[in-house]
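J.: Coordinates in run_30.tsv, TSV, C-alpha atoms and all ligand atoms, are listed below.
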```tsv
chain	number	residue	atom	x	y	z
A	1	MET	CA	68.37	20.86	-48.80
A	2	GLU	CA	71.90	22.15	-49.17
A	3	LEU	CA	72.36	20.05	-52.26
A	4	LEU	CA	69.17	21.44	-53.70
A	5	GLU	CA	70.30	24.98	-53.16
A	6	LYS	CA	73.66	24.21	-54.66
A	7	ASN	CA	71.96	22.72	-57.71
A	8	GLU	CA	69.86	25.81	-58.13
A	9	LYS	CA	72.88	28.05	-57.90
A	10	LEU	CA	74.72	26.02	-60.52
A	11	GLN	CA	71.67	26.21	-62.74
A	12	ASP	CA	71.62	30.00	-62.37
A	13	LYS	CA	75.23	30.17	-63.30
A	14	ALA	CA	74.87	28.25	-66.53
A	15	SER	CA	72.17	30.52	-67.90
A	16	GLY	CA	71.36	34.19	-68.16
A	17	SER	CA	72.28	36.96	-70.52
A	18	PHE	CA	75.80	37.99	-71.45
A	19	GLU	CA	75.51	41.07	-69.25
A	20	ALA	CA	74.31	39.02	-66.29
A	21	LYS	CA	77.23	36.66	-66.64
A	22	ILE	CA	79.73	39.49	-66.84
A	23	GLU	CA	78.08	41.11	-63.83
A	24	ARG	CA	78.41	37.86	-61.83
A	25	ASP	CA	82.04	37.38	-62.92
A	26	ASP	CA	81.15	34.18	-64.76
A	27	ALA	CA	83.41	33.18	-67.61
A	28	ILE	CA	82.08	33.60	-71.14
A	29	GLU	CA	82.53	30.42	-73.20
A	30	PRO	CA	82.81	30.04	-77.00
A	31	ARG	CA	79.18	29.06	-77.63
A	32	ASP	CA	77.67	31.69	-75.32
A	33	ASN	CA	75.91	34.69	-76.76
A	34	MET	CA	78.21	37.68	-76.85
A	35	PRO	CA	78.03	41.15	-78.39
A	36	GLU	CA	79.80	41.45	-81.72
A	37	GLY	CA	82.02	44.15	-80.23
A	38	TYR	CA	83.19	41.78	-77.49
A	39	ARG	CA	84.09	39.12	-80.02
A	40	LYS	CA	85.93	41.63	-82.21
A	41	HIS	CA	87.79	43.14	-79.29
A	42	LEU	CA	88.96	39.71	-78.16
A	43	ILE	CA	90.00	38.60	-81.64
A	44	ARG	CA	92.07	41.75	-81.98
A	45	GLN	CA	93.66	41.45	-78.55
A	46	MET	CA	94.23	37.68	-78.54
A	47	SER	CA	95.64	37.49	-82.06
A	48	GLN	CA	97.93	40.41	-81.28
A	49	HIS	CA	99.01	38.59	-78.15
A	50	ALA	CA	99.64	35.36	-80.12
A	51	HIS	CA	101.59	37.18	-82.84
A	52	SER	CA	103.71	38.84	-80.13
A	53	GLU	CA	104.71	35.48	-78.67
A	54	VAL	CA	105.74	34.23	-82.11
A	55	ILE	CA	107.50	37.38	-83.37
A	56	GLY	CA	109.20	37.58	-79.97
A	57	MET	CA	111.09	34.41	-80.84
A	58	GLN	CA	113.11	36.32	-83.43
A	59	PRO	CA	115.33	38.66	-81.35
A	60	GLU	CA	116.19	35.76	-79.03
A	61	GLY	CA	116.54	33.15	-81.78
A	62	ASN	CA	119.22	35.38	-83.21
A	63	TRP	CA	121.44	34.42	-80.24
A	64	ILE	CA	121.03	30.63	-80.15
A	65	THR	CA	124.14	29.97	-82.21
A	66	ARG	CA	126.13	32.54	-80.24
A	67	ALA	CA	125.14	31.61	-76.68
A	68	PRO	CA	128.29	31.71	-74.50
A	69	SER	CA	127.96	28.15	-73.15
A	70	LEU	CA	126.11	24.91	-73.77
A	71	ARG	CA	124.07	25.56	-70.62
A	72	ALA	CA	123.08	29.01	-71.88
A	73	LYS	CA	122.19	27.59	-75.28
A	74	GLN	CA	119.96	24.86	-73.82
A	75	ILE	CA	118.16	27.38	-71.62
A	76	LEU	CA	117.62	29.80	-74.50
A	77	LEU	CA	116.29	27.04	-76.75
A	78	ALA	CA	113.83	25.90	-74.08
A	79	LYS	CA	112.71	29.47	-73.45
A	80	ILE	CA	112.11	30.16	-77.13
A	81	GLN	CA	110.26	26.87	-77.52
A	82	ASP	CA	107.98	27.98	-74.68
A	83	GLU	CA	107.25	31.23	-76.52
A	84	GLY	CA	106.27	29.26	-79.61
A	85	GLY	CA	103.99	27.23	-77.35
A	86	HIS	CA	102.45	30.40	-75.93
A	87	GLY	CA	101.68	31.52	-79.45
A	88	LEU	CA	99.95	28.21	-80.13
A	89	TYR	CA	97.87	28.32	-76.91
A	90	LEU	CA	96.68	31.78	-77.86
A	91	TYR	CA	96.01	31.06	-81.53
A	92	SER	CA	93.88	28.07	-80.58
A	93	ALA	CA	92.03	30.11	-77.94
A	94	ALA	CA	91.39	32.86	-80.51
A	95	GLU	CA	90.12	30.29	-83.01
A	96	THR	CA	87.23	29.50	-80.65
A	97	LEU	CA	85.89	32.96	-81.56
A	98	GLY	CA	85.40	31.92	-85.17
A	99	ILE	CA	88.55	33.22	-86.84
A	100	SER	CA	90.85	30.73	-88.56
A	101	ARG	CA	94.60	30.45	-88.16
A	102	ASP	CA	95.01	31.35	-91.85
A	103	GLU	CA	93.08	34.56	-91.40
A	104	MET	CA	95.10	35.56	-88.36
A	105	ILE	CA	98.37	35.01	-90.17
A	106	ALA	CA	97.09	36.86	-93.23
A	107	GLN	CA	96.15	39.80	-90.97
A	108	LEU	CA	99.62	39.80	-89.47
A	109	HIS	CA	101.20	39.82	-92.90
A	110	SER	CA	98.95	42.57	-94.23
A	111	GLY	CA	99.66	44.74	-91.18
A	112	LYS	CA	96.02	44.71	-90.05
A	113	ALA	CA	96.99	42.80	-86.92
A	114	LYS	CA	99.80	44.15	-84.74
A	115	TYR	CA	102.26	42.55	-82.38
A	116	SER	CA	103.99	43.99	-79.35
A	117	ASN	CA	106.15	46.96	-80.21
A	118	ILE	CA	108.97	45.72	-78.03
A	119	PHE	CA	110.03	43.12	-80.57
A	120	ASN	CA	110.88	45.81	-83.09
A	121	TYR	CA	114.03	46.54	-81.10
A	122	PRO	CA	117.22	44.59	-81.85
A	123	ALA	CA	119.07	42.23	-79.47
A	124	LEU	CA	122.58	43.62	-79.96
A	125	THR	CA	124.64	41.81	-77.32
A	126	TRP	CA	124.36	38.78	-75.05
A	127	ALA	CA	123.31	41.14	-72.27
A	128	ASP	CA	120.21	41.92	-74.33
A	129	ILE	CA	119.14	38.30	-73.88
A	130	GLY	CA	119.39	38.90	-70.14
A	131	ALA	CA	117.48	42.17	-70.39
A	132	ILE	CA	114.76	40.65	-72.55
A	133	GLY	CA	114.12	37.76	-70.15
A	134	TRP	CA	114.26	39.92	-67.06
A	135	LEU	CA	112.51	43.10	-68.26
A	136	VAL	CA	110.41	42.13	-71.29
A	137	ASP	CA	109.17	38.83	-69.87
A	138	GLY	CA	108.94	40.53	-66.48
A	139	ALA	CA	106.60	43.17	-67.89
A	140	ALA	CA	104.66	40.54	-69.83
A	141	ILE	CA	104.16	38.55	-66.63
A	142	VAL	CA	102.61	41.50	-64.80
A	143	ASN	CA	100.17	41.94	-67.66
A	144	GLN	CA	99.45	38.23	-68.02
A	145	VAL	CA	98.89	37.64	-64.31
A	146	SER	CA	96.17	40.28	-64.49
A	147	LEU	CA	94.71	38.68	-67.63
A	148	GLN	CA	94.28	35.34	-65.83
A	149	ARG	CA	91.03	36.89	-64.58
A	150	THR	CA	89.87	38.07	-68.00
A	151	SER	CA	86.23	37.27	-68.74
A	152	TYR	CA	86.67	35.01	-71.79
A	153	GLY	CA	87.20	31.44	-70.57
A	154	PRO	CA	89.61	30.14	-73.23
A	155	TYR	CA	91.76	33.29	-72.96
A	156	SER	CA	91.86	33.12	-69.19
A	157	ARG	CA	92.81	29.43	-69.24
A	158	ALA	CA	95.60	30.07	-71.74
A	159	MET	CA	96.90	32.82	-69.45
A	160	VAL	CA	97.00	30.49	-66.45
A	161	ARG	CA	99.05	28.02	-68.44
A	162	ILE	CA	101.38	30.72	-69.74
A	163	CYS	CA	101.96	32.31	-66.34
A	164	LYS	CA	103.13	28.96	-64.96
A	165	GLU	CA	105.88	28.93	-67.57
A	166	GLU	CA	106.90	32.57	-67.48
A	167	SER	CA	108.69	32.72	-64.15
A	168	PHE	CA	111.51	30.57	-65.52
A	169	HIS	CA	111.84	33.05	-68.39
A	170	GLN	CA	112.26	36.01	-66.12
A	171	ARG	CA	114.66	34.23	-63.77
A	172	GLN	CA	116.95	33.02	-66.53
A	173	GLY	CA	117.19	36.60	-67.82
A	174	TYR	CA	117.90	38.04	-64.40
A	175	GLU	CA	120.55	35.37	-63.85
A	176	ILE	CA	122.34	36.47	-67.03
A	177	MET	CA	122.27	40.11	-65.88
A	178	ALA	CA	123.49	39.19	-62.39
A	179	LYS	CA	126.35	37.13	-63.83
A	180	MET	CA	127.45	39.92	-66.11
A	181	MET	CA	127.27	42.46	-63.29
A	182	SER	CA	129.65	40.33	-61.23
A	183	GLY	CA	132.04	39.97	-64.18
A	184	THR	CA	134.62	42.27	-65.79
A	185	ALA	CA	134.21	46.01	-66.28
A	186	ALA	CA	133.42	45.41	-69.95
A	187	GLN	CA	130.69	42.91	-69.01
A	188	ARG	CA	129.17	45.30	-66.49
A	189	GLU	CA	129.16	48.02	-69.08
A	190	MET	CA	127.45	45.71	-71.55
A	191	ALA	CA	124.75	44.86	-69.00
A	192	GLN	CA	124.15	48.52	-68.15
A	193	ASP	CA	123.96	49.37	-71.84
A	194	ALA	CA	121.29	46.69	-72.37
A	195	MET	CA	119.42	48.03	-69.32
A	196	ASN	CA	119.55	51.54	-70.77
A	197	ARG	CA	118.11	50.43	-74.09
A	198	TRP	CA	115.39	48.06	-72.78
A	199	TRP	CA	114.05	49.90	-69.73
A	200	TRP	CA	111.87	52.48	-71.47
A	201	PRO	CA	110.53	50.20	-74.23
A	202	SER	CA	109.60	47.74	-71.45
A	203	LEU	CA	107.56	50.44	-69.71
A	204	MET	CA	105.86	51.21	-73.03
A	205	MET	CA	104.76	47.57	-73.30
A	206	PHE	CA	101.86	48.34	-70.96
A	207	GLY	CA	100.45	50.74	-73.53
A	208	PRO	CA	99.50	54.41	-73.31
A	209	HIS	CA	97.93	56.11	-70.30
A	210	GLU	CA	94.25	55.19	-70.03
A	211	SER	CA	93.12	58.63	-71.18
A	212	GLU	CA	94.94	58.00	-74.49
A	213	SER	CA	93.78	54.41	-74.87
A	214	PRO	CA	90.75	54.48	-77.18
A	215	ARG	CA	89.20	51.08	-76.53
A	216	SER	CA	89.78	50.63	-72.84
A	217	GLY	CA	86.24	51.64	-71.83
A	218	ASP	CA	84.66	48.59	-73.43
A	219	ALA	CA	87.49	46.37	-72.24
A	220	PHE	CA	86.73	47.31	-68.62
A	221	LYS	CA	82.96	47.13	-69.04
A	222	TRP	CA	83.29	43.61	-70.44
A	223	LYS	CA	85.95	42.65	-67.87
A	224	ILE	CA	88.41	41.69	-70.57
A	225	LYS	CA	90.75	44.06	-68.78
A	226	ARG	CA	91.01	44.15	-65.00
A	227	SER	CA	93.70	46.74	-64.31
A	228	THR	CA	94.68	49.95	-66.07
A	229	ASN	CA	97.86	50.21	-68.12
A	230	ASP	CA	99.26	52.64	-65.57
A	231	GLU	CA	98.48	50.37	-62.61
A	232	LEU	CA	100.26	47.46	-64.27
A	233	ARG	CA	103.21	49.62	-65.28
A	234	GLN	CA	103.54	50.88	-61.70
A	235	LYS	CA	103.47	47.32	-60.37
A	236	PHE	CA	106.29	46.38	-62.74
A	237	ILE	CA	108.43	49.39	-61.79
A	238	ASP	CA	107.93	48.81	-58.09
A	239	LYS	CA	109.14	45.25	-58.18
A	240	THR	CA	111.93	45.71	-60.73
A	241	VAL	CA	113.81	48.69	-59.27
A	242	GLN	CA	114.91	46.70	-56.24
A	243	GLN	CA	116.09	43.81	-58.45
A	244	ALA	CA	118.22	46.27	-60.44
A	245	GLU	CA	119.74	47.71	-57.25
A	246	VAL	CA	120.64	44.27	-55.88
A	247	ILE	CA	122.91	43.55	-58.82
A	248	GLY	CA	124.21	47.11	-59.18
A	249	LEU	CA	122.35	48.20	-62.31
A	250	LYS	CA	121.21	51.79	-62.61
A	251	VAL	CA	117.67	52.46	-63.81
A	252	PRO	CA	118.07	55.01	-66.63
A	253	ASP	CA	115.55	57.51	-65.21
A	254	ASP	CA	116.84	60.58	-63.36
A	255	GLN	CA	113.38	61.31	-62.02
A	256	LEU	CA	112.86	57.91	-60.45
A	257	ARG	CA	112.12	58.48	-56.72
A	258	TRP	CA	110.53	56.43	-53.99
A	259	ASN	CA	107.30	58.10	-52.96
A	260	GLU	CA	106.73	57.25	-49.30
A	261	GLU	CA	103.17	58.55	-49.36
A	262	LYS	CA	101.90	56.31	-52.15
A	263	LYS	CA	104.41	53.57	-51.26
A	264	SER	CA	105.63	53.28	-54.83
A	265	TYR	CA	108.01	54.94	-57.27
A	266	ASP	CA	107.48	58.14	-59.19
A	267	HIS	CA	109.04	57.98	-62.63
A	268	GLY	CA	109.99	60.34	-65.43
A	269	PRO	CA	107.83	60.94	-68.50
A	270	ILE	CA	107.62	58.23	-71.16
A	271	ASN	CA	108.52	59.16	-74.71
A	272	TRP	CA	105.21	58.40	-76.40
A	273	ASP	CA	106.38	59.88	-79.67
A	274	GLU	CA	108.88	57.06	-79.92
A	275	PHE	CA	106.15	54.55	-79.04
A	276	HIS	CA	103.83	55.77	-81.79
A	277	SER	CA	106.62	56.04	-84.30
A	278	VAL	CA	107.64	52.40	-83.69
A	279	ILE	CA	104.00	51.24	-83.89
A	280	ASN	CA	103.70	53.00	-87.21
A	281	GLY	CA	106.52	50.96	-88.65
A	282	ASN	CA	109.55	53.12	-87.95
A	283	GLY	CA	111.21	50.99	-85.27
A	284	PRO	CA	114.68	49.62	-85.93
A	285	CYS	CA	113.46	46.10	-86.85
A	286	ASN	CA	109.81	46.29	-88.02
A	287	LYS	CA	110.59	45.42	-91.63
A	288	GLN	CA	113.07	42.72	-90.74
A	289	ARG	CA	110.66	40.95	-88.32
A	290	MET	CA	107.80	40.90	-90.78
A	291	ALA	CA	109.96	39.91	-93.75
A	292	HIS	CA	111.38	37.01	-91.75
A	293	HIS	CA	107.94	35.76	-90.71
A	294	LYS	CA	106.63	35.92	-94.27
A	295	LYS	CA	109.69	34.16	-95.63
A	296	VAL	CA	109.57	31.30	-93.11
A	297	HIS	CA	105.82	30.94	-93.57
A	298	ALA	CA	106.19	30.69	-97.36
A	299	GLU	CA	109.15	28.35	-97.14
A	300	GLY	CA	107.23	26.02	-94.83
A	301	ALA	CA	104.22	25.76	-97.13
A	302	TRP	CA	105.52	22.64	-98.87
A	303	VAL	CA	105.74	20.83	-95.51
A	304	ARG	CA	102.06	21.47	-94.80
A	305	GLU	CA	101.13	20.48	-98.35
A	306	ALA	CA	103.16	17.28	-98.09
A	307	ALA	CA	101.52	16.42	-94.76
A	308	GLU	CA	98.06	16.85	-96.31
A	309	ALA	CA	99.04	14.78	-99.35
A	310	TYR	CA	100.32	12.04	-97.06
A	311	ARG	CA	97.06	12.04	-95.10
A	312	LEU	CA	94.99	11.74	-98.29
A	313	LYS	CA	97.15	8.86	-99.48
A	314	GLU	CA	96.86	7.04	-96.16
A	315	GLU	CA	93.09	7.54	-96.12
A	316	LYS	CA	92.83	5.95	-99.55
A	317	LEU	CA	94.89	2.95	-98.49
A	318	ASN	CA	92.89	2.27	-95.35
B	1	MET	CA	95.42	28.41	-100.91
B	2	ASP	CA	97.46	27.98	-97.77
B	3	THR	CA	96.55	25.28	-95.30
B	4	GLN	CA	97.12	25.24	-91.56
B	5	LEU	CA	96.13	21.53	-91.33
B	6	GLY	CA	93.15	20.19	-89.40
B	7	LYS	CA	92.28	21.27	-85.87
B	8	TRP	CA	92.30	18.84	-82.94
B	9	GLU	CA	91.24	19.25	-79.32
B	10	VAL	CA	93.70	18.03	-76.71
B	11	PHE	CA	92.72	16.32	-73.45
B	12	MET	CA	95.29	15.43	-70.84
B	13	GLN	CA	95.44	13.23	-67.82
B	14	ALA	CA	97.71	14.81	-65.22
B	15	LYS	CA	98.38	11.57	-63.33
B	16	PRO	CA	97.18	7.96	-63.52
B	17	GLY	CA	93.59	7.69	-62.33
B	18	ALA	CA	92.74	11.37	-62.89
B	19	ASN	CA	90.04	12.69	-65.23
B	20	TYR	CA	91.08	13.78	-68.69
B	21	ILE	CA	90.90	17.56	-68.86
B	22	HIS	CA	90.72	19.77	-71.93
B	23	ALA	CA	94.07	21.53	-72.42
B	24	GLY	CA	93.53	23.43	-75.67
B	25	ALA	CA	93.89	22.67	-79.36
B	26	ILE	CA	96.58	22.07	-81.96
B	27	HIS	CA	96.78	21.69	-85.72
B	28	ALA	CA	97.92	18.49	-87.44
B	29	SER	CA	97.29	16.56	-90.65
B	30	ASP	CA	96.77	13.13	-89.09
B	31	LYS	CA	96.40	11.25	-85.79
B	32	LYS	CA	100.08	10.59	-85.33
B	33	MET	CA	101.07	14.21	-85.90
B	34	ALA	CA	98.21	15.32	-83.69
B	35	LEU	CA	99.53	13.29	-80.77
B	36	GLN	CA	103.09	14.51	-81.29
B	37	ASN	CA	102.06	18.14	-81.59
B	38	ALA	CA	99.84	17.83	-78.51
B	39	ARG	CA	102.78	16.40	-76.58
B	40	ASP	CA	105.17	19.14	-77.72
B	41	THR	CA	102.67	21.92	-77.11
B	42	TYR	CA	100.99	20.93	-73.85
B	43	THR	CA	103.39	18.73	-71.86
B	44	ARG	CA	106.85	20.22	-71.84
B	45	ARG	CA	107.12	19.91	-68.05
B	46	GLY	CA	105.54	16.61	-67.18
B	47	GLU	CA	102.02	18.06	-67.09
B	48	GLY	CA	100.56	14.80	-68.31
B	49	THR	CA	100.87	11.02	-68.31
B	50	SER	CA	98.35	10.39	-71.08
B	51	ILE	CA	96.86	12.39	-73.96
B	52	TRP	CA	93.69	12.14	-76.05
B	53	VAL	CA	93.36	14.06	-79.29
B	54	VAL	CA	89.98	14.46	-81.00
B	55	PRO	CA	89.23	16.21	-84.32
B	56	THR	CA	87.54	19.48	-83.33
B	57	ASP	CA	84.60	18.92	-85.67
B	58	ALA	CA	83.91	15.54	-84.01
B	59	ILE	CA	83.01	17.31	-80.76
B	60	VAL	CA	79.31	17.86	-80.19
B	61	ALA	CA	78.62	20.63	-77.69
B	62	SER	CA	75.40	21.53	-75.92
B	63	ASN	CA	73.82	24.84	-76.83
B	64	PRO	CA	73.89	27.38	-73.98
B	65	ASP	CA	70.46	28.64	-75.09
B	66	ASP	CA	69.02	25.27	-74.10
B	67	ASN	CA	70.61	25.32	-70.67
B	68	ASP	CA	67.40	25.88	-68.71
B	69	MET	CA	65.79	22.80	-70.16
B	70	PHE	CA	68.90	20.74	-70.72
B	71	PHE	CA	70.36	21.14	-67.26
B	72	ASP	CA	67.10	21.33	-65.33
B	73	PRO	CA	68.21	20.06	-61.94
B	74	SER	CA	64.81	18.35	-61.42
B	75	ASN	CA	64.50	19.83	-57.99
B	76	ASP	CA	61.01	18.33	-57.73
B	77	LYS	CA	62.62	14.91	-57.65
B	78	THR	CA	64.11	15.27	-54.22
B	79	TYR	CA	64.15	11.48	-53.80
B	80	ARG	CA	67.31	11.55	-55.96
B	81	LEU	CA	69.18	13.03	-53.07
B	82	PRO	CA	70.40	11.12	-50.01
B	83	THR	CA	68.97	13.73	-47.66
B	84	PHE	CA	65.40	12.79	-48.76
B	85	TYR	CA	65.49	9.58	-46.70
B	86	VAL	CA	64.72	9.27	-43.03
B	87	MET	CA	67.19	7.02	-41.27
B	88	PRO	CA	66.21	5.10	-38.12
B	89	GLU	CA	67.49	6.55	-34.86
B	90	GLY	CA	70.83	5.04	-33.87
B	91	ALA	CA	71.84	3.69	-37.31
B	92	LYS	CA	75.51	4.30	-37.95
B	93	ALA	CA	77.83	4.66	-40.96
B	94	ILE	CA	74.99	5.26	-43.45
C	401	FE	FE	105.45	34.08	-73.58
C	402	FE	FE	108.24	34.41	-71.88
```
Translate this file's structure into structure tokens.
Ligand SMILES: [Fe+2]
Ligand SMILES: [Fe+2]
T.:
Amino acid sequence: MELLEKNEKLQDKASGSFEAKIERDDAIEPRDNMPEGYRKHLIRQMSQHAHSEVIGMQPEGNWITRAPSLRAKQILLAKIQDEGGHGLYLYSAAETLGISRDEMIAQLHSGKAKYSNIFNYPALTWADIGAIGWLVDGAAIVNQVSLQRTSYGPYSRAMVRICKEESFHQRQGYEIMAKMMSGTAAQREMAQDAMNRWWWPSLMMFGPHESESPRSGDAFKWKIKRSTNDELRQKFIDKTVQQAEVIGLKVPDDQLRWNEEKKSYDHGPINWDEFHSVINGNGPCNKQRMAHHKKVHAEGAWVREAAEAYRLKEEKLN
Amino acid sequence: MDTQLGKWEVFMQAKPGANYIHAGAIHASDKKMALQNARDTYTRRGEGTSIWVVPTDAIVASNPDDNDMFFDPSNDKTYRLPTFYVMPEGAKAI
């Protein structure tokens, strides 16, 4: 009897309307019926997420040849390779929604598709590599842990895979910061300077307050999104402030205070004008990032063409 | 026209004897490149001991609209289940 009931339950799960599945917290799979708005929302969000992983390789890649030791260089290479992998997981998950890789790249190049604003800031010193791993990956992890429960199956599975890899990224960054903070006065100053420049852009990574976030209503209704931008941002602040204190870094926010009542930190206002200005192309590195991606993409075209030509030749021979 | 090469689905076995599980997809022009790209993309930390790659368009998937019929659990055929059978009193290990 138990088996029978279990069978019936499984049967229920496999069928039903989109709304019923969302209501039951069932994953939506590529061939399931879904509203056009859901598909579009996911394509926008997942391709933006994939582009961010790939563009994010640039500020760090800039430091591979200048890493201070062989150990540091190996770690940085492995970390950047992971980010390339994250991009690939997400592109292939987005492709299940019926958009091709070519189209996604074309949308990136035309500016129709965005990538995370954070990568429009430069990595000026070695301490920036520490700050990026610790703060930028740290903020990304908070967001991605929440997205593991997103309603679209392929997206959720890609997030699970990515989250497994991210904790190394954050730890290697924090290790760099800790090392610099126990070094010379000049090194400590360099670390604090990186902290000062990356703290606020990291908080902006979670996006605007919900009231300013035009599409979040649908995202919650469809369970693409599980927590608000502000909730995730608060989670990040609450766990990061202590890590800064342990190694002697100062959080560059005069209004940061522990709030005993809500058991979390209050923080100063975020400069949303800066956020919007960077989104609209006026960040320090927007042009450089996009120009580099276009250049590398064009320069790699002959490799893809040669691979196709080789396949055709082999097919003829066999 | 730019090409991103063909699409392949990647299945991985986590350890000998385990089922192959779908990991995701990659792009490659031929079988050899598909295997290499699958390795580089999905097993950077010993996640697998064996990989299958299959051209995406070679996969035939069931249609969710047919689920009611296709996955009918045949609950009228209770004799398919071990609990249908009456075992003699005192019989052990069955
Ligand atoms: Fe990543
Ligand atoms: Fe990362």
J.: Name the residues in contact with Ile26 (chain B) at a cut-off of 7 Å, using only C-alpha atoms, excluding same-chain residues fewer than 6 positions from it; report them as a list in words.
T.: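 Here the qualifying residues turn out to be Ser92 of chain A; Lys7, Trp8, Glu9, Asn37 and Ala38 of chain B.
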J.: Once you count all atoms listed in the file, what closest atom pair and distance in Å to one decimal does each residue of chain A within 6 Å of chain B have, with rows by chain and rising residue number, as a tab-separated table?
T.:
```
residue	atom	partner	partner_atom	distance
A:Asp32	CA	B:Pro64	CA	5.9
A:Gly85	CA	B:Thr41	CA	5.5
A:Ser92	CA	B:Ala25	CA	5.5
A:Ala307	CA	B:Ser29	CA	5.9
A:Glu308	CA	B:Ser29	CA	5.7
```
J.: Within 8 Å of ligand FE 401 (chain C) (counting only C-alpha atoms and all ligand atoms), which residues show up? I'd like them as a PyMOL selection string.
T.: chain A and resi 53+82-87+137+140+162+165-166
J.: Once you count all atoms listed in the file, which residues end up within 12 Å of ligand FE 402 (chain C), and could you hand them over as number ranges by chain?
T.: A: 49-50, 52-57, 60, 76-87, 129, 132-144, 159, 161-173
J.: Can you list, as a PyMOL selection string, every protein, DNA or RNA residue that comes within 7 Å of region 46-49 of chain B when you count only C-alpha atoms, leaving out same-chain residues fewer than 2 positions away?
T.: chain B and resi 12-16+43-44
J.: Write the residues you've just listed into a file as a PDB file, keeping the file's coordinate frame, and include C-alpha atoms for each of them.
T.:
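Saved the output as part.pdb:
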```pdb
ATOM      1  CA  MET B  12      95.290  15.430 -70.840  1.00  0.00           C
ATOM      2  CA  GLN B  13      95.440  13.230 -67.820  1.00  0.00           C
ATOM      3  CA  ALA B  14      97.710  14.810 -65.220  1.00  0.00           C
ATOM      4  CA  LYS B  15      98.380  11.570 -63.330  1.00  0.00           C
ATOM      5  CA  PRO B  16      97.180   7.960 -63.520  1.00  0.00           C
ATOM      6  CA  THR B  43     103.390  18.730 -71.860  1.00  0.00           C
ATOM      7  CA  ARG B  44     106.850  20.220 -71.840  1.00  0.00           C
TER       8      ARG B  44
END
```
J.: Would you mind reading off the distance between CA of Lys239 (chain A) and CA of Asp254 (chain A), one decimal, in Å?
T.: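 Going from CA of Lys239 (chain A) over to CA of Asp254 (chain A), I get 17.9 Å.
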J.: Take CA of Trp258 (chain A) and CA of Trp200 (chain A) and report the distance between them in Å, one decimal.
T.: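 Interatomic distance here is 18.0 Å.
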J.: Edge lengths and centre, in Å to one decimal, as lines of an AutoDock Vina configuration file: that's what I need for the box along x, y and z that holds all listed atoms of region 170-187 of chain A plus 3 Å on each side.
T.:
```
center_x = 123.4
center_y = 39.5
center_z = -65.6
size_x = 28.4
size_y = 19.0
size_z = 14.7
```
J.: Could you please determine the separation between CA of Ile247 (chain A) and CA of Ala185 (chain A) in Å, to one decimal place?
T.: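 A separation of 13.8 Å between them.
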J.: Just the residues within 12 Å of Val278 (chain A), please, counting only C-alpha atoms, with nothing from its chain fewer than 2 positions along; format it as a list in words.
T.: Lys114, Tyr115, Ser116, Asn117, Ile118, Phe119, Asn120, Tyr121, Pro201, Met204, Met205, Asn271, Trp272, Asp273, Glu274, Phe275, His276, Asn280, Gly281, Asn282, Gly283, Pro284, Cys285, Asn286 and Lys287 of chain A
J.: Could you write out the selected residues, including C-alpha atoms, as an mmCIF file, keeping the file's coordinate frame?
T.:
```cif
data_model
loop_
_atom_site.group_PDB
_atom_site.id
_atom_site.type_symbol
_atom_site.label_atom_id
_atom_site.label_comp_id
_atom_site.auth_asym_id
_atom_site.auth_seq_id
_atom_site.Cartn_x
_atom_site.Cartn_y
_atom_site.Cartn_z
ATOM 1 C CA LYS A 114 99.800 44.150 -84.740
ATOM 2 C CA TYR A 115 102.260 42.550 -82.380
ATOM 3 C CA SER A 116 103.990 43.990 -79.350
ATOM 4 C CA ASN A 117 106.150 46.960 -80.210
ATOM 5 C CA ILE A 118 108.970 45.720 -78.030
ATOM 6 C CA PHE A 119 110.030 43.120 -80.570
ATOM 7 C CA ASN A 120 110.880 45.810 -83.090
ATOM 8 C CA TYR A 121 114.030 46.540 -81.100
ATOM 9 C CA PRO A 201 110.530 50.200 -74.230
ATOM 10 C CA MET A 204 105.860 51.210 -73.030
ATOM 11 C CA MET A 205 104.760 47.570 -73.300
ATOM 12 C CA ASN A 271 108.520 59.160 -74.710
ATOM 13 C CA TRP A 272 105.210 58.400 -76.400
ATOM 14 C CA ASP A 273 106.380 59.880 -79.670
ATOM 15 C CA GLU A 274 108.880 57.060 -79.920
ATOM 16 C CA PHE A 275 106.150 54.550 -79.040
ATOM 17 C CA HIS A 276 103.830 55.770 -81.790
ATOM 18 C CA ASN A 280 103.700 53.000 -87.210
ATOM 19 C CA GLY A 281 106.520 50.960 -88.650
ATOM 20 C CA ASN A 282 109.550 53.120 -87.950
ATOM 21 C CA GLY A 283 111.210 50.990 -85.270
ATOM 22 C CA PRO A 284 114.680 49.620 -85.930
ATOM 23 C CA CYS A 285 113.460 46.100 -86.850
ATOM 24 C CA ASN A 286 109.810 46.290 -88.020
ATOM 25 C CA LYS A 287 110.590 45.420 -91.630
#
```
J.: Skipping near chain neighbours, those fewer than 5 positions away, what residues fall within 9 Å of region 212-228 of chain A using only C-alpha atoms, listed as a short mmCIF file (atom, residue, chain, number, x, y, z; two decimals) with C-alpha atoms, in the frame of the given file?
T.:
```
data_model
loop_
_atom_site.label_atom_id
_atom_site.label_comp_id
_atom_site.auth_asym_id
_atom_site.auth_seq_id
_atom_site.Cartn_x
_atom_site.Cartn_y
_atom_site.Cartn_z
CA GLU A 19 75.51 41.07 -69.25
CA ILE A 22 79.73 39.49 -66.84
CA GLU A 23 78.08 41.11 -63.83
CA ASP A 25 82.04 37.38 -62.92
CA GLY A 37 82.02 44.15 -80.23
CA TYR A 38 83.19 41.78 -77.49
CA HIS A 41 87.79 43.14 -79.29
CA LEU A 42 88.96 39.71 -78.16
CA ASN A 143 100.17 41.94 -67.66
CA SER A 146 96.17 40.28 -64.49
CA LEU A 147 94.71 38.68 -67.63
CA ARG A 149 91.03 36.89 -64.58
CA THR A 150 89.87 38.07 -68.00
CA SER A 151 86.23 37.27 -68.74
CA TYR A 152 86.67 35.01 -71.79
CA PHE A 206 101.86 48.34 -70.96
CA GLY A 207 100.45 50.74 -73.53
CA ARG A 233 103.21 49.62 -65.28
#
```
